[in-house]
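This report concerns only the one structure given below.
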Amino acid sequence: MPTENFDVRYVAALVRLELTDEEASTYQQQLDKILDHMRRIDAIDVSGIEPTAHANPVFDVMREDEPGKSFSPETALRNAPKQRNDQFVVTKVVE
Amino acid sequence: MPSYLVSIGLEVHTQINTRSKMFCACRAHYGEPPNSLTCPVCLGLPGALPVLNRGAIEKTILTGLMLGCEIPPLSKWDRKNYFYPDMPKNYQLSQFDLPLCEGGGVPLYDLAYPKDAQKDIAQPGKVVRLTRIHLEEDVAKSTHHQNDTTIDFNRAGTPLMEIVSEPELESPEETAAYLNSLRQILNYGGVSDADMEKGQLRCDVNVSVRPEGQDELGVKIELKNMNSVSAVRRALHYEIDRQITALEHGETLIQSTRRWDDDLGETQLMRTKEFAHDYRYLPDPDLLPVRTGALLEKVRPLVPELPHQKIARYESDFGITHYDASVIASDLDLSAYFEQAANTLLEREDLHLKSPAKRVANLIINDLLAALNESEKPITKCPLSAAALAELVTLIDGGKISGKQGKEVFAEMFASGRGAAEIVKEKGMEQVSDTGALETFITQAIDANPDVVQQVKDGNEKSINFLTGQVMKLSKGQANPQLVGQMLRDRLSN
Ligand SMILES: [Zn+2]
């Protein structure tokens with residue numbers, strides 16, 4: 001059953017997971033608990049505290065625009081369940 | 001029947017011409033063998049860590065500066081969740097709440113409007129405000145076959161800039177002008193070729209209509225799958241008509257996404273709001289935020305002269321018309337060609353040329369562009385160098401050949417790649433500037449037309465032209481008309 005926190009079936013559909021009724025019920029309860037905890041965090045007064053953009057106070061980690069080495073097509077495709085003409089073959093999905 | 005107001009907003013995705021991809025060091029290049037430019041990062045393999053490409057960030061900031069955007073001091077990266085085989089890590093790295101650029105605007109240049117709409121521009125000088133520009137990664141290329149889909153990851157992870165406008169465009173023609181102006185500016189900054197037909201620039205278009213007098217915007221319909229500026233214009237004309245007709249019939253429009261079918265010339269429903277994507281953005285923990293201050297200082301001096309600034313400079317420095325300047329400035333390579341030819345001539349003070357830059361502009365606009373168009377050559381492949389064109393101008397401006405002959409010589413130069421002087425000599429075009437030969441013709445003309453001579457003596461300046469014409473005839477068109485006029489005046493003033 002969806003709660004005021006969220007609807008496990010909707011989220012499962014978003015991440016393309018098929019859940020049994022039993023799983024849906026388990027995850028709904030577990031994730032509800034987590035979200036309840038988030039509500040407690042949400043209730044903390046943070047006015048006057050500067051927002052952080054990242055958990056670590058580290059900035060500006062960049063690399064120069066220099067090309068390096070890439071995989072060969074054979075290496076890139078080594079784990080592909082199905083391949084043809086050096087391309088990955090997947091189920092046809094047309095939006 | 002009420003009339004309707006149209007509001008159009010664009011989300012433009014444009015590739016950035018960096019050497020490497022956005023979050024890995026694979027080469028960013030097109031036309032390579034499938035899956036030859038991949039690594040764990042751009043294949044989305046588990047555990048692979050992305051690193052930001054400084055060059056892509058700098059070019060996005062440069063774009064922001066060219067378009068008058070604010071560059072916030074801090075920018076960060078987020079995950080946009082979606083499930084599709086062209087993005088196997090199941091999220092696209094993008095920017096949500098702290099994009100690199102905010103605000104700004106795209107000026108709509110007169111010549112960026114479709115040719116048939118240039119005479120009737122509703123709001124000349126209009127600037128369309130931008131909401132934001134952010135940086136993200138492109139997805140892999142899918143090819144759909146009869147029974148399955150194949151995927152090439154060479155494009156996956158290449159930098160993509162998303163430029164989002166406010167819904168301030170009011171017609172399909174303004175929308176076309178927006179795309180063309182934006183492309184010009186991106187070209188000027190060396191950020192992207194931004195050619196829609198090559199897929200370097202793609203756009204989603206939001207369009208709504210509402211009866212005049214209504215303040216809030218109508219129901220927003222998103223259009224996808226337009227592969228050229230003219231297709232965007234066609235799709236919008238169709239869709240605006242469709243929406244107005246629906247409202248006139250008392251139908252209610254539903255917020256939805258529609259696909260443009262250019263062959264059928266119609267839009268078709270893809271999905272309604274109910275099935276809209278829910279991307280669930282979240283901050284990306286693998287990428288660290290970027291402070292833009294130092295990057296901004298590095299990029300600021302790289303902001304180029306923009307099209308409208310170039311046009312103003314051409315008008316003031318070269319004395320050419322606003323229209324001519326606009327045509328030339330609409331293409332960077334053409335601008336370079338023009339400036340080279342014009343400057344070559346302006347440096348030759350010894351030639352005492354009268355209006356060399358104007359003549360260069362005229363030749364470019366009246367002859368060169370037509371010839372290039374006909375032979376389907378870009379200016380960079382022009383068989384006529386800027387120096388060769390300048391040489392032709394010295395012959396015309398110096399009175400060696402007439403303007404009409406100049407056109408003939410130009411055509412020959414373009415076809416053969418030979419020099420102007422050589423062609424003029426071979427065709428025996430050189431105007432007779434030998435005063436001895438001309439004196440004979442002038443005497444003949446004067447003797448044959450005593451009435452006209454009297455008119456000139458009575459102060460009728462125009463009659464000189466008649467006599468000049470007679471001398472031209474006698475010389476079979478080879479006399480230098482300016483010189484003839486001068487000599488006639490000298491002779492008849494005594
Ligand atoms: Zn890579």
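In the structure tokens, each chain is lettered A, B, ... as it comes, each chain's residues begin at 1, and ligands are numbered from 1 in order of appearance.
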Problem - Sel. of strand (DSSP E or B) residues, range 15-255 of chain B, as a PyMOL selection string - result: chain B and resi 15+20+27+52-53+70+74-75+78-81+91-94+101-102+105-107+127-137+141-144+148-152+159-165+169+201-211+221-224
Enumerate as an mmCIF file with C-alpha atoms, in the first residue's frame the residues within 6 Å of ligand 1, counting only C-alpha atoms and all ligand atoms.
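Ended up saving to pocket.cif:
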data_model
loop_
_atom_site.group_PDB
_atom_site.id
_atom_site.type_symbol
_atom_site.label_atom_id
_atom_site.label_comp_id
_atom_site.auth_asym_id
_atom_site.auth_seq_id
_atom_site.Cartn_x
_atom_site.Cartn_y
_atom_site.Cartn_z
ATOM 1 C CA CYS B 24 36.653 10.546 -19.875
ATOM 2 C CA ALA B 25 39.670 10.959 -22.159
ATOM 3 C CA CYS B 26 38.236 9.091 -25.142
ATOM 4 C CA THR B 38 35.056 3.859 -25.643
ATOM 5 C CA CYS B 39 36.330 3.142 -22.131
ATOM 6 C CA VAL B 41 33.465 5.486 -18.110
ATOM 7 C CA CYS B 42 31.572 6.121 -21.345
#
Practice task
Write out as a ChimeraX atom specification every residue belonging to chain B that has an atom at most 7 Å from any atom of chain A, counting only C-alpha atoms.
Solution key: /B:18-20,25-27,34-39,51-55,76,144,147-152,285,288-291
Practice task
Do a neighbour search on Leu19 in chain A at 10 Å with only C-alpha atoms, toss out local chain neighbours closer than 6 positions, and write the hits as a PyMOL selection string.
Solution key: chain A and resi 8-9+12-13+25+27
Problem - Sel. of alpha helix (DSSP H) residues, range 36-94 of chain A, as a VMD selection string - result: chain A and resid 36 to 42 73 to 76
Suppose we keep C-alpha atoms; can you now write the selection as a PDB file, in the first residue's frame?
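After the write, out-v6.pdb holds the following:
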ATOM      1  CA  ASP A  36      10.556   8.754   8.060  1.00  0.00           C
ATOM      2  CA  HIS A  37      14.107   9.269   9.207  1.00  0.00           C
ATOM      3  CA  MET A  38      14.619  11.785   6.382  1.00  0.00           C
ATOM      4  CA  ARG A  39      11.601  13.684   7.702  1.00  0.00           C
ATOM      5  CA  ARG A  40      13.336  14.030  11.020  1.00  0.00           C
ATOM      6  CA  ILE A  41      16.401  15.435   9.276  1.00  0.00           C
ATOM      7  CA  ASP A  42      14.125  17.682   7.246  1.00  0.00           C
ATOM      8  CA  PRO A  73      36.039  -2.516 -30.328  1.00  0.00           C
ATOM      9  CA  GLU A  74      36.834  -6.164 -29.404  1.00  0.00           C
ATOM     10  CA  THR A  75      37.558  -5.200 -25.786  1.00  0.00           C
ATOM     11  CA  ALA A  76      34.561  -2.883 -25.591  1.00  0.00           C
TER      12      ALA A  76
END
Exercise for the section: Tell me which protein, DNA and RNA residues are within 12 Å of range 374-381 of chain B, counting only C-alpha atoms, leaving out same-chain ones fewer than 5 positions away, and put them as an NGL selection string. Expected result: :B and (328 or 331-338 or 364 or 367-369 or 386 or 411 or 414-415 or 417)
Exercise for the section: Considering only C-alpha atoms, return as a list in words whatever protein or nucleic-acid residues lie within 12 Å of Gln28 in chain A, sequence-local ones (same chain, fewer than 3 positions apart) excluded. Expected result: Met1, Pro2, Thr3, Glu4, Asn5, Phe6, Asp7, Val8, Arg9, Tyr10, Val11, Ala12, Leu19, Thr20, Asp21, Glu22, Glu23, Ala24, Ser25, Leu31, Asp32, Lys33, Ile34, Leu35 and Asp36 of chain A
Can you write just those residues out, C-alpha atoms, as a JSON list (two decimals), in the first residue's frame?
[["chain", "number", "residue", "atom", "x", "y", "z"],
["A", 1, "MET", "CA", 0.00, 0.00, 0.00],
["A", 2, "PRO", "CA", 1.41, 3.41, -0.89],
["A", 3, "THR", "CA", 1.96, 5.67, 2.09],
["A", 4, "GLU", "CA", 2.20, 9.45, 2.29],
["A", 5, "ASN", "CA", 5.96, 9.04, 1.84],
["A", 6, "PHE", "CA", 5.87, 7.26, -1.47],
["A", 7, "ASP", "CA", 4.39, 4.54, -3.66],
["A", 8, "VAL", "CA", 6.76, 1.59, -4.00],
["A", 9, "ARG", "CA", 5.02, 0.36, -7.17],
["A", 10, "TYR", "CA", 5.54, 3.70, -8.90],
["A", 11, "VAL", "CA", 9.21, 3.85, -7.95],
["A", 12, "ALA", "CA", 9.69, 0.21, -8.98],
["A", 19, "LEU", "CA", 8.11, -6.83, -7.67],
["A", 20, "THR", "CA", 6.00, -9.64, -6.23],
["A", 21, "ASP", "CA", 3.30, -8.54, -3.77],
["A", 22, "GLU", "CA", 5.44, -9.80, -0.95],
["A", 23, "GLU", "CA", 8.51, -7.85, -2.11],
["A", 24, "ALA", "CA", 6.43, -4.74, -2.65],
["A", 25, "SER", "CA", 5.16, -4.92, 0.89],
["A", 31, "LEU", "CA", 11.89, 2.44, 2.58],
["A", 32, "ASP", "CA", 9.12, 4.09, 4.59],
["A", 33, "LYS", "CA", 11.30, 3.81, 7.66],
["A", 34, "ILE", "CA", 14.18, 5.44, 5.81],
["A", 35, "LEU", "CA", 11.97, 8.23, 4.58],
["A", 36, "ASP", "CA", 10.56, 8.75, 8.06]]
Problem - Residue with smallest distance to Gln214 in chain B - pool B:Gln405, B:Asn465, B:Thr143, B:Ser3, counting only C-alpha atoms - result: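 With only C-alpha atoms as the atom set, the closest residue is B:Ser3.
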Exercise for the section: Have a look at B:Lys473, B:Leu488, B:Met413, B:Gly399 and name the one nearest to Ala371 in chain B; count only C-alpha atoms. Expected result: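 Ranked by minimum distance to Ala371 in chain B, first place goes to B:Met413.
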